[in-house]
>>> print(open('structure_26.cif').read())   # mmCIF, C-alpha atoms and all ligand atoms
data_upload
loop_
_atom_site.label_atom_id
_atom_site.label_comp_id
_atom_site.auth_asym_id
_atom_site.auth_seq_id
_atom_site.Cartn_x
_atom_site.Cartn_y
_atom_site.Cartn_z
CA MET A 1 75.79 181.80 84.32
CA ALA A 2 72.67 179.70 83.85
CA PHE A 3 73.18 179.86 80.10
CA THR A 4 76.79 178.73 80.36
CA ARG A 5 75.72 175.84 82.47
CA LEU A 6 72.98 174.90 80.02
CA ALA A 7 75.40 175.18 77.11
CA THR A 8 77.81 172.89 78.93
CA ILE A 9 75.11 170.36 79.55
CA VAL A 10 73.97 170.48 75.91
CA SER A 11 77.47 170.14 74.54
CA LEU A 12 78.18 167.27 76.92
CA ALA A 13 75.01 165.57 75.75
CA LEU A 14 75.95 166.18 72.12
CA GLY A 15 79.40 164.84 72.84
CA LEU A 16 77.82 161.69 74.12
CA ILE A 17 75.70 161.11 71.04
CA GLU A 18 78.16 162.42 68.46
CA ARG A 19 79.50 159.46 66.54
CA ALA A 20 82.19 159.11 63.92
CA THR A 21 80.92 158.19 60.47
CA CYS A 22 83.42 155.89 58.76
CA THR A 23 84.10 155.80 54.99
CA ASN A 24 82.00 152.62 54.71
CA GLY A 25 78.98 154.55 56.07
CA LYS A 26 79.06 152.69 59.39
CA THR A 27 79.29 154.66 62.61
CA ALA A 28 81.47 154.12 65.64
CA GLY A 29 81.89 155.86 68.97
CA ASN A 30 85.38 156.94 67.99
CA ALA A 31 86.97 157.50 64.55
CA VAL A 32 89.98 155.32 65.43
CA CYS A 33 87.59 152.34 65.45
CA CYS A 34 86.67 152.78 61.75
CA PRO A 35 89.38 150.48 60.26
CA LEU A 36 88.16 147.69 62.54
CA PHE A 37 84.98 147.17 60.51
CA ASP A 38 87.14 145.92 57.66
CA ALA A 39 89.23 143.89 60.12
CA VAL A 40 86.07 142.20 61.39
CA ASP A 41 85.01 141.34 57.81
CA PHE A 42 88.51 140.00 57.20
CA LEU A 43 88.27 137.79 60.30
CA GLN A 44 84.85 136.49 59.30
CA THR A 45 86.10 135.56 55.83
CA ASN A 46 89.56 134.28 56.68
CA LEU A 47 89.11 132.70 60.11
CA PHE A 48 85.43 131.97 60.73
CA ASP A 49 84.23 130.52 57.39
CA GLY A 50 82.01 133.51 56.72
CA GLY A 51 80.69 133.92 60.27
CA GLU A 52 80.22 130.43 61.71
CA CYS A 53 80.02 129.36 65.34
CA GLY A 54 82.31 126.44 64.60
CA GLU A 55 85.67 125.13 65.75
CA GLU A 56 87.56 128.38 65.03
CA ALA A 57 85.01 130.53 66.86
CA HIS A 58 85.17 128.22 69.89
CA SER A 59 88.96 128.23 69.70
CA ALA A 60 89.17 132.01 69.47
CA LEU A 61 87.23 132.33 72.74
CA ARG A 62 89.45 129.74 74.40
CA LEU A 63 92.57 131.60 73.26
CA THR A 64 91.42 134.81 74.99
CA PHE A 65 91.43 132.86 78.27
CA HIS A 66 94.83 131.22 77.78
CA ASP A 67 96.31 134.60 76.86
CA ALA A 68 94.71 136.73 79.56
CA ILE A 69 94.85 134.47 82.63
CA GLU A 70 98.67 134.65 82.52
CA PHE A 71 98.49 137.49 85.00
CA SER A 72 98.60 138.10 88.75
CA ILE A 73 97.27 141.05 90.73
CA HIS A 74 100.48 140.59 92.74
CA GLY A 75 102.72 141.00 89.69
CA GLY A 76 105.35 138.82 88.09
CA MET A 77 103.06 136.47 86.14
CA GLY A 78 103.00 138.01 82.66
CA GLY A 79 101.20 140.80 80.88
CA GLY A 80 97.65 139.40 80.91
CA ALA A 81 95.55 140.16 77.84
CA ASP A 82 98.54 141.16 75.73
CA GLY A 83 98.69 138.61 72.91
CA SER A 84 101.85 137.02 74.29
CA ILE A 85 100.46 133.57 73.53
CA LEU A 86 100.53 134.44 69.81
CA VAL A 87 103.65 136.58 69.65
CA PHE A 88 105.78 134.42 71.98
CA ASN A 89 104.28 131.13 70.84
CA ALA A 90 107.69 129.40 70.75
CA THR A 91 107.81 129.65 74.56
CA GLU A 92 104.18 129.54 75.62
CA LEU A 93 103.12 126.59 73.47
CA GLN A 94 105.57 124.44 75.45
CA PHE A 95 103.39 124.79 78.54
CA HIS A 96 101.42 121.61 79.35
CA ALA A 97 98.15 123.57 79.72
CA ASN A 98 98.61 124.81 76.13
CA ARG A 99 98.52 121.36 74.52
CA GLY A 100 96.57 121.78 71.29
CA ILE A 101 96.70 125.58 71.38
CA ASP A 102 99.24 125.37 68.53
CA ASP A 103 96.31 124.41 66.25
CA ILE A 104 94.64 127.69 67.15
CA THR A 105 97.68 129.97 66.94
CA SER A 106 99.01 128.45 63.73
CA ARG A 107 95.58 129.05 62.14
CA GLN A 108 95.35 132.60 63.53
CA PHE A 109 98.96 133.67 62.91
CA PRO A 110 98.77 134.49 59.18
CA VAL A 111 95.46 136.32 59.73
CA PHE A 112 97.10 138.31 62.52
CA GLN A 113 100.10 139.14 60.31
CA ALA A 114 97.84 140.39 57.53
CA LEU A 115 95.82 142.62 59.89
CA ASN A 116 98.95 143.80 61.64
CA GLU A 117 100.32 144.95 58.28
CA GLN A 118 97.01 146.45 57.09
CA SER A 119 96.01 148.34 60.21
CA GLY A 120 98.76 147.94 62.81
CA LEU A 121 96.60 145.75 65.05
CA SER A 122 98.69 144.52 68.01
CA GLY A 123 98.85 140.86 69.03
CA GLY A 124 96.70 141.54 72.10
CA ASP A 125 94.09 143.48 70.15
CA PHE A 126 94.00 140.70 67.54
CA VAL A 127 93.48 137.85 70.04
CA HIS A 128 90.75 139.72 71.90
CA LEU A 129 89.02 141.05 68.78
CA ALA A 130 88.96 137.54 67.28
CA GLY A 131 87.52 136.17 70.55
CA ALA A 132 84.74 138.76 70.61
CA VAL A 133 83.86 138.26 66.92
CA GLY A 134 83.98 134.45 67.14
CA THR A 135 81.69 134.50 70.20
CA ALA A 136 79.27 136.84 68.39
CA ASN A 137 78.84 134.15 65.72
CA CYS A 138 77.13 131.91 68.28
CA PRO A 139 73.35 132.39 68.73
CA GLY A 140 72.43 133.46 72.25
CA ALA A 141 75.84 134.98 73.00
CA PRO A 142 76.21 138.41 74.53
CA ARG A 143 77.80 141.04 72.31
CA LEU A 144 81.19 141.26 74.01
CA GLU A 145 83.00 144.55 74.46
CA PHE A 146 86.10 145.32 72.45
CA MET A 147 88.68 147.79 73.70
CA LEU A 148 91.38 148.91 71.23
CA GLY A 149 94.95 149.87 71.99
CA ARG A 150 96.80 147.06 73.78
CA LEU A 151 100.55 147.58 73.48
CA ALA A 152 102.67 144.84 71.91
CA PRO A 153 103.56 142.18 74.52
CA VAL A 154 107.02 142.60 76.00
CA ALA A 155 107.81 139.03 77.10
CA PRO A 156 106.37 135.53 77.28
CA ALA A 157 104.49 134.70 80.48
CA PRO A 158 105.93 132.11 82.88
CA ASP A 159 104.51 128.58 82.98
CA LEU A 160 101.85 127.25 85.39
CA THR A 161 99.39 130.14 85.29
CA ILE A 162 96.69 128.38 83.23
CA PRO A 163 94.30 126.02 85.08
CA GLU A 164 94.15 122.37 84.01
CA PRO A 165 91.15 119.99 84.08
CA THR A 166 93.00 117.76 86.56
CA ASP A 167 93.42 120.61 89.08
CA THR A 168 91.52 120.60 92.37
CA VAL A 169 88.76 123.11 93.02
CA THR A 170 90.97 124.73 95.64
CA ALA A 171 93.83 125.16 93.15
CA ILE A 172 91.51 126.53 90.45
CA LEU A 173 89.86 129.04 92.76
CA ALA A 174 93.26 130.10 94.11
CA ARG A 175 94.69 130.69 90.63
CA PHE A 176 91.66 132.72 89.55
CA ALA A 177 91.73 134.71 92.82
CA ASP A 178 95.38 135.49 92.14
CA ALA A 179 94.29 136.91 88.77
CA GLY A 180 91.53 138.94 90.45
CA PHE A 181 88.43 136.75 89.96
CA SER A 182 85.88 135.64 92.58
CA PRO A 183 84.51 132.07 92.71
CA GLU A 184 81.28 133.40 91.18
CA GLU A 185 83.19 134.94 88.28
CA VAL A 186 84.94 131.59 87.71
CA ILE A 187 81.58 129.89 87.17
CA VAL A 188 80.33 132.76 85.02
CA LEU A 189 83.43 132.48 82.79
CA LEU A 190 82.93 128.73 82.52
CA SER A 191 79.68 129.44 80.66
CA SER A 192 82.11 129.54 77.73
CA HIS A 193 82.20 125.73 77.84
CA THR A 194 78.71 125.90 76.29
CA ILE A 195 80.46 126.39 72.93
CA ALA A 196 83.30 123.98 73.59
CA ALA A 197 84.70 120.66 72.50
CA ALA A 198 87.91 118.82 73.32
CA ASP A 199 90.50 117.74 70.77
CA ASP A 200 93.55 117.14 72.86
CA ILE A 201 92.54 115.93 76.28
CA ASP A 202 91.69 112.64 74.55
CA THR A 203 93.15 112.54 71.05
CA THR A 204 91.24 109.35 70.18
CA ILE A 205 87.93 111.28 70.12
CA PRO A 206 88.66 114.73 68.62
CA GLY A 207 85.90 117.35 68.59
CA THR A 208 83.98 115.81 71.51
CA PRO A 209 81.51 118.45 72.77
CA PHE A 210 80.87 119.39 76.42
CA ASP A 211 77.14 119.85 75.86
CA SER A 212 74.43 118.84 73.40
CA THR A 213 74.03 122.38 71.96
CA VAL A 214 77.67 123.14 71.17
CA ASN A 215 76.90 125.83 68.61
CA THR A 216 74.52 127.79 70.84
CA PHE A 217 75.63 130.08 73.65
CA ASP A 218 73.14 128.91 76.27
CA THR A 219 73.20 127.48 79.81
CA GLN A 220 72.97 123.85 78.62
CA ILE A 221 76.49 123.25 79.98
CA PHE A 222 75.29 124.01 83.54
CA LEU A 223 72.61 121.35 83.15
CA GLU A 224 74.65 118.62 81.48
CA VAL A 225 77.70 119.00 83.73
CA LEU A 226 75.43 117.67 86.50
CA LEU A 227 74.85 114.36 84.68
CA LYS A 228 76.00 111.28 86.52
CA GLY A 229 79.07 110.57 84.47
CA THR A 230 81.87 108.04 84.73
CA LEU A 231 85.29 109.17 85.78
CA PHE A 232 88.31 107.71 83.95
CA PRO A 233 86.23 105.24 81.94
CA GLY A 234 86.65 103.12 78.85
CA ASN A 235 89.70 101.59 77.29
CA ASP A 236 91.70 104.75 76.98
CA PRO A 237 90.94 106.94 79.94
CA GLN A 238 92.62 110.31 80.08
CA PRO A 239 93.17 112.38 83.21
CA GLY A 240 90.64 115.18 83.47
CA GLU A 241 88.07 113.46 81.28
CA ILE A 242 84.66 112.18 82.43
CA THR A 243 82.44 110.15 80.11
CA SER A 244 78.95 111.59 79.99
CA PRO A 245 75.91 109.29 79.90
CA ILE A 246 75.07 111.20 76.70
CA ALA A 247 76.85 109.31 73.90
CA GLY A 248 79.48 111.41 72.17
CA GLU A 249 79.77 113.92 75.02
CA MET A 250 82.67 114.56 77.38
CA LEU A 251 82.56 116.32 80.71
CA LEU A 252 85.62 117.96 82.19
CA GLN A 253 86.60 116.75 85.63
CA SER A 254 87.20 120.35 86.72
CA ASP A 255 83.78 121.53 85.52
CA PHE A 256 82.12 118.62 87.31
CA LEU A 257 84.01 119.16 90.58
CA LEU A 258 83.16 122.88 90.51
CA SER A 259 79.49 121.92 90.03
CA GLN A 260 79.59 119.78 93.18
CA ASP A 261 81.71 121.92 95.52
CA SER A 262 79.94 123.91 98.25
CA ARG A 263 82.00 127.01 97.33
CA THR A 264 80.66 127.10 93.76
CA ALA A 265 77.69 124.73 93.26
CA CYS A 266 75.00 127.36 93.80
CA PHE A 267 76.65 129.78 91.37
CA LEU A 268 75.88 127.28 88.60
CA ALA A 269 72.27 127.26 89.76
CA VAL A 270 71.83 131.04 89.82
CA HIS A 271 73.45 131.42 86.42
CA ASP A 272 71.23 128.74 84.89
CA ASN A 273 69.26 131.64 83.43
CA GLN A 274 70.04 132.96 79.96
CA GLU A 275 69.60 136.63 80.78
CA ARG A 276 71.64 136.56 83.97
CA MET A 277 74.34 134.33 82.51
CA THR A 278 74.92 136.47 79.41
CA THR A 279 74.91 139.74 81.35
CA GLN A 280 77.43 138.40 83.88
CA PHE A 281 79.52 136.69 81.22
CA LYS A 282 79.83 139.93 79.28
CA ALA A 283 81.02 141.74 82.41
CA ALA A 284 83.51 139.02 83.39
CA MET A 285 84.86 138.85 79.83
CA ALA A 286 85.33 142.64 79.76
CA LYS A 287 87.53 142.20 82.83
CA LEU A 288 89.37 139.14 81.46
CA GLN A 289 90.05 140.74 78.08
CA THR A 290 91.71 143.80 79.61
CA LEU A 291 93.69 142.11 82.42
CA GLY A 292 97.05 143.81 82.88
CA GLN A 293 96.10 146.66 80.53
CA ASN A 294 95.65 150.31 81.45
CA THR A 295 91.99 150.63 80.42
CA ALA A 296 92.22 154.45 80.59
CA SER A 297 94.43 154.36 77.50
CA LEU A 298 92.19 151.97 75.54
CA VAL A 299 89.38 153.14 73.23
CA ASP A 300 85.96 151.49 73.38
CA CYS A 301 85.37 150.05 69.91
CA SER A 302 82.56 147.67 70.91
CA ASP A 303 80.44 149.05 68.03
CA VAL A 304 82.46 146.97 65.57
CA ILE A 305 81.43 143.66 67.14
CA PRO A 306 78.59 141.97 65.20
CA VAL A 307 75.23 141.61 66.99
CA PRO A 308 74.76 137.89 67.80
CA ALA A 309 71.64 136.02 66.69
CA PRO A 310 69.08 135.78 69.51
CA PHE A 311 68.82 132.93 72.01
CA PRO A 312 66.79 130.27 70.20
CA GLY A 313 64.71 129.25 73.19
CA PRO A 314 64.68 127.57 76.61
CA ILE A 315 67.14 124.81 77.37
CA LYS A 316 65.77 121.28 77.63
CA PHE A 317 66.94 117.86 78.70
CA PRO A 318 68.28 115.93 75.70
CA PRO A 319 65.96 113.08 74.59
CA SER A 320 65.48 110.36 77.24
CA PHE A 321 67.15 112.40 80.05
CA SER A 322 65.50 113.94 83.10
CA LYS A 323 66.24 115.31 86.53
CA ALA A 324 66.74 111.73 87.77
CA ASP A 325 69.98 111.59 85.76
CA LEU A 326 71.51 114.53 87.59
CA GLN A 327 73.49 114.92 90.78
CA ILE A 328 72.41 118.30 92.08
CA ALA A 329 74.70 119.69 94.76
CA CYS A 330 73.08 123.07 95.38
CA THR A 331 70.16 122.73 97.76
CA GLN A 332 69.48 126.46 98.26
CA GLU A 333 68.12 127.09 94.75
CA ALA A 334 65.04 125.32 93.42
CA PHE A 335 65.96 123.33 90.33
CA PRO A 336 64.07 124.73 87.33
CA SER A 337 61.45 122.56 85.72
CA LEU A 338 62.70 121.72 82.24
CA ALA A 339 61.10 119.86 79.36
CA THR A 340 62.78 116.88 77.67
CA VAL A 341 63.31 116.91 73.89
CA ALA A 342 61.24 114.11 72.33
CA GLY A 343 62.90 111.12 70.70
CA PRO A 344 65.45 108.38 71.35
CA ALA A 345 68.66 108.93 73.34
CA PRO A 346 71.01 110.96 71.12
CA THR A 347 74.59 110.38 70.00
CA LEU A 348 76.29 113.74 69.67
CA ALA A 349 78.31 114.39 66.54
CA PRO A 350 81.87 115.65 67.01
CA VAL A 351 82.56 119.28 66.11
CA PRO A 352 84.20 119.13 62.66
CA ALA A 353 87.81 120.31 62.48
CA SER A 354 88.11 123.49 60.44
C1 LIG B 401 89.02 125.98 85.37
C2 LIG B 401 89.27 126.61 84.27
C3 LIG B 401 89.32 125.94 82.93
C4 LIG B 401 89.82 124.70 82.59
C5 LIG B 401 90.48 123.68 83.49
C6 LIG B 401 89.55 124.54 81.18
C7 LIG B 401 89.91 123.44 80.44
C8 LIG B 401 89.58 123.21 79.13
C9 LIG B 401 89.90 122.02 78.37
C10 LIG B 401 90.71 120.82 78.93
C11 LIG B 401 89.40 122.14 77.14
C12 LIG B 401 89.48 121.14 75.99
C13 LIG B 401 90.81 121.27 75.29
C14 LIG B 401 91.04 120.15 74.29
O1 LIG B 401 91.22 119.01 74.71
O2 LIG B 401 91.01 120.45 73.07
C15 LIG B 401 88.75 123.43 77.09
C16 LIG B 401 88.11 123.95 75.98
C17 LIG B 401 87.59 125.22 75.93
N1 LIG B 401 87.66 126.18 76.92
FE1 LIG B 401 88.20 125.89 78.82
N2 LIG B 401 88.93 125.65 80.70
C18 LIG B 401 88.78 126.53 81.72
C19 LIG B 401 88.23 127.79 81.66
C20 LIG B 401 87.84 128.40 80.49
C21 LIG B 401 87.49 129.80 80.37
C22 LIG B 401 87.51 130.78 81.52
C23 LIG B 401 87.18 130.01 79.07
C24 LIG B 401 86.75 131.28 78.37
C25 LIG B 401 86.42 132.38 78.97
C26 LIG B 401 87.30 128.74 78.38
C27 LIG B 401 86.97 128.52 77.07
C28 LIG B 401 87.06 127.31 76.43
C29 LIG B 401 86.53 127.06 75.10
C30 LIG B 401 85.73 128.03 74.24
C31 LIG B 401 86.90 125.75 74.78
C32 LIG B 401 86.57 124.98 73.48
C33 LIG B 401 87.62 125.14 72.44
C34 LIG B 401 87.22 124.40 71.16
O3 LIG B 401 86.17 123.76 71.13
O4 LIG B 401 87.97 124.50 70.19
N3 LIG B 401 87.72 127.80 79.28
N4 LIG B 401 88.87 124.06 78.31
C1 LIG B 402 104.57 131.12 65.97
O1 LIG B 402 105.06 132.39 65.64
C2 LIG B 402 105.78 132.44 64.41
C3 LIG B 402 106.36 133.84 64.27
O2 LIG B 402 107.16 134.13 65.37
C4 LIG B 402 104.87 132.07 63.26
O3 LIG B 402 105.55 132.09 62.06
C5 LIG B 402 104.29 130.69 63.51
O4 LIG B 402 103.31 130.40 62.54
C6 LIG B 402 103.64 130.60 64.89
N1 LIG B 402 103.31 129.21 65.13
C7 LIG B 402 102.29 128.82 65.88
C8 LIG B 402 102.09 127.36 66.04
O5 LIG B 402 101.56 129.60 66.44
#
>>> encode(input="structure_26.cif", output="structure tokens")
Amino acid sequence: MAFTRLATIVSLALGLIERATCTNGKTAGNAVCCPLFDAVDFLQTNLFDGGECGEEAHSALRLTFHDAIEFSIHGGMGGGADGSILVFNATELQFHANRGIDDITSRQFPVFQALNEQSGLSGGDFVHLAGAVGTANCPGAPRLEFMLGRLAPVAPAPDLTIPEPTDTVTAILARFADAGFSPEEVIVLLSSHTIAAADDIDTTIPGTPFDSTVNTFDTQIFLEVLLKGTLFPGNDPQPGEITSPIAGEMLLQSDFLLSQDSRTACFLAVHDNQERMTTQFKAAMAKLQTLGQNTASLVDCSDVIPVPAPFPGPIKFPPSFSKADLQIACTQEAFPSLATVAGPAPTLAPVPAS
């Protein structure tokens, strides 16, 4: 009796540590994950310029959101993280919120087709694998999970499920709540705007970054979104766009309003911490990237995701900026004391198109 129990415990423990060795000598938690190592190499070569945290990596993360958020816990909104944005692009790219997404899907489509032929990867698995690999190319990022086995999408999602930068805080929080996310998770997911730039909100200034460290996955976005910017400025103002006092930077109206609203302001403050932000972002992304999927029938293939380069160091104010340039709405959390990078006020370079 005691022996049987011991044997069970030992075999369970062995089961936990037993890993599949793939033909390339790499190991994965499950043998079905083995072909994905080659798929990841293929993505790095054919989509991410050999592993860069550039425009395509940023775009791949954005696409996971536009695919997955098309979902409601009350039903009837689409299949969630199912790749419908890629497979039913003729319908979904017509949606106003998907302006510019055609650049991403047209770039990804041939890579998807090749991997679909080579290893049967579904549209949903492709979109969410590419998002996890692209994010891993950015120093400081968490190593996102990757679950394998999403079924092919059955239909395009309906319009008006994807938040827009001109939406009110109330509308944004309501849409996310309808998809199953709390206000805190909304802010955590918006950490993604730390590796983000806008091409389409204002087509006269393509590649305009949202923070001064656009190729690092840090909390710089939560600092710079608090800068006293100018709403609808300049000669060619676009709805949803705020001009940052940092030259060459754009702030999104929605990000700014969320940073000032009593329902969300303090969540920016508590996540202005690399460790906490990345841990929470990883958890929220795991939820986003499996929305609408039966996770019990997916296989955890997270071992195939590359390990991101470490966080390069504490965030700082860009040269010439300080706390005096911020409008801080959260009064419950002490604002961290941050150094200012030395030198003259910067002009940020646009993110080059791929
Ligand atoms: C309130 C919700 C959100 C709104 C209103 C919003 C809006 C936007 C807008 C307007 C852009 C710039 C598009 C352009 O002009 O090219 C953008 C970029 C981006 N967004 Fe969001 N977003 C939201 C949430 C998210 C979430 C949850 C994620 C990921 C988890 C995400 C990831 C990104 C990324 C990575 C980019 C940069 C893409 C690139 O540089 O190529 N966003 N977002
Ligand atoms: C849309 O999907 C078709 C296949 O249905 C593909 O050939 C095309 O490249 C895709 N276009 C974009 C913009 O994603």
>>> residues_near_ligand(input="structure_26.cif", ligand="ligand LIG 402 (chain B)", cutoff="7 Å", atoms="all atoms listed in the file", output="PyMOL selection string")
chain A and resi 86-90+102-103+105-106+109-110
>>> residues_near_ligand(input="structure_26.cif", ligand="ligand LIG 401 (chain B)", cutoff="7 Å", atoms="all atoms listed in the file", output="number ranges by chain")
A: 55-56, 58-59, 61-62, 64-65, 100, 163-165, 172, 186, 189-190, 192-193, 195-202, 207, 252, 254-255, 285
>>> closest_residue(input="structure_26.cif", among="A:Ser244, A:Ser182, A:Asn294, A:Thr203", to="Phe267 of chain A", atoms="only C-alpha atoms")
A:Ser182
>>> closest_atom_pairs(input="structure_26.cif", of="segment 38-79 of chain A", to="segment 149-162 of chain A", cutoff="10 Å", atoms="all atoms listed in the file", output="tab-separated table")
residue	atom	partner	partner_atom	distance
A:Phe65	CA	A:Ile162	CA	8.5
A:His66	CA	A:Ile162	CA	6.4
A:Asp67	CA	A:Ile162	CA	8.9
A:Ala68	CA	A:Ile162	CA	9.3
A:Ile69	CA	A:Ile162	CA	6.4
A:Glu70	CA	A:Thr161	CA	5.3
A:Phe71	CA	A:Thr161	CA	7.4
A:Ser72	CA	A:Thr161	CA	8.7
A:Gly76	CA	A:Pro158	CA	8.5
A:Met77	CA	A:Ala157	CA	6.1
A:Gly78	CA	A:Ala157	CA	4.2
A:Gly79	CA	A:Pro153	CA	6.9
>>> write_last_selection(input="structure_26.cif", atoms="C-alpha atoms", output="short mmCIF file (atom, residue, chain, number, x, y, z; two decimals), keeping the file's coordinate frame")
data_model
loop_
_atom_site.label_atom_id
_atom_site.label_comp_id
_atom_site.auth_asym_id
_atom_site.auth_seq_id
_atom_site.Cartn_x
_atom_site.Cartn_y
_atom_site.Cartn_z
CA PHE A 65 91.43 132.86 78.27
CA HIS A 66 94.83 131.22 77.78
CA ASP A 67 96.31 134.60 76.86
CA ALA A 68 94.71 136.73 79.56
CA ILE A 69 94.85 134.47 82.63
CA GLU A 70 98.67 134.65 82.52
CA PHE A 71 98.49 137.49 85.00
CA SER A 72 98.60 138.10 88.75
CA GLY A 76 105.35 138.82 88.09
CA MET A 77 103.06 136.47 86.14
CA GLY A 78 103.00 138.01 82.66
CA GLY A 79 101.20 140.80 80.88
#
>>> residues_around(input="structure_26.cif", residues="Ile315 of chain A", least_positions_apart="3", cutoff="10 Å", atoms="only C-alpha atoms", output="list in words")
Thr213, Asp218, Thr219, Gln220, Ile221, Leu223, Asp272, Asn273, Gln274, Phe311, Pro312, Pro318, Leu338, Ala339, Thr340 and Val341 of chain A
>>> residues_around(input="structure_26.cif", residues="Lys228 of chain A", least_positions_apart="2", cutoff="7 Å", atoms="all atoms listed in the file", output="list in words")
Leu226, Thr230, Pro245, Asp325, Leu326 and Gln327 of chain A
>>> residues_around(input="structure_26.cif", residues="Ala296 of chain A", least_positions_apart="3", cutoff="12 Å", atoms="only C-alpha atoms", output="ChimeraX atom specification")
/A:147-150,290,292-293,299-300
>>> write_last_selection(input="structure_26.cif", atoms="C-alpha atoms", output="PDB file, in the coordinates of the input")
ATOM      1  CA  MET A 147      88.680 147.790  73.700  1.00  0.00           C
ATOM      2  CA  LEU A 148      91.380 148.910  71.230  1.00  0.00           C
ATOM      3  CA  GLY A 149      94.950 149.870  71.990  1.00  0.00           C
ATOM      4  CA  ARG A 150      96.800 147.060  73.780  1.00  0.00           C
ATOM      5  CA  THR A 290      91.710 143.800  79.610  1.00  0.00           C
ATOM      6  CA  GLY A 292      97.050 143.810  82.880  1.00  0.00           C
ATOM      7  CA  GLN A 293      96.100 146.660  80.530  1.00  0.00           C
ATOM      8  CA  VAL A 299      89.380 153.140  73.230  1.00  0.00           C
ATOM      9  CA  ASP A 300      85.960 151.490  73.380  1.00  0.00           C
TER      10      ASP A 300
END
>>> closest_residue(input="structure_26.cif", among="A:Thr279, A:Thr204, A:Gln260, A:Gln94", to="Val225 of chain A", atoms="only C-alpha atoms")
A:Gln260
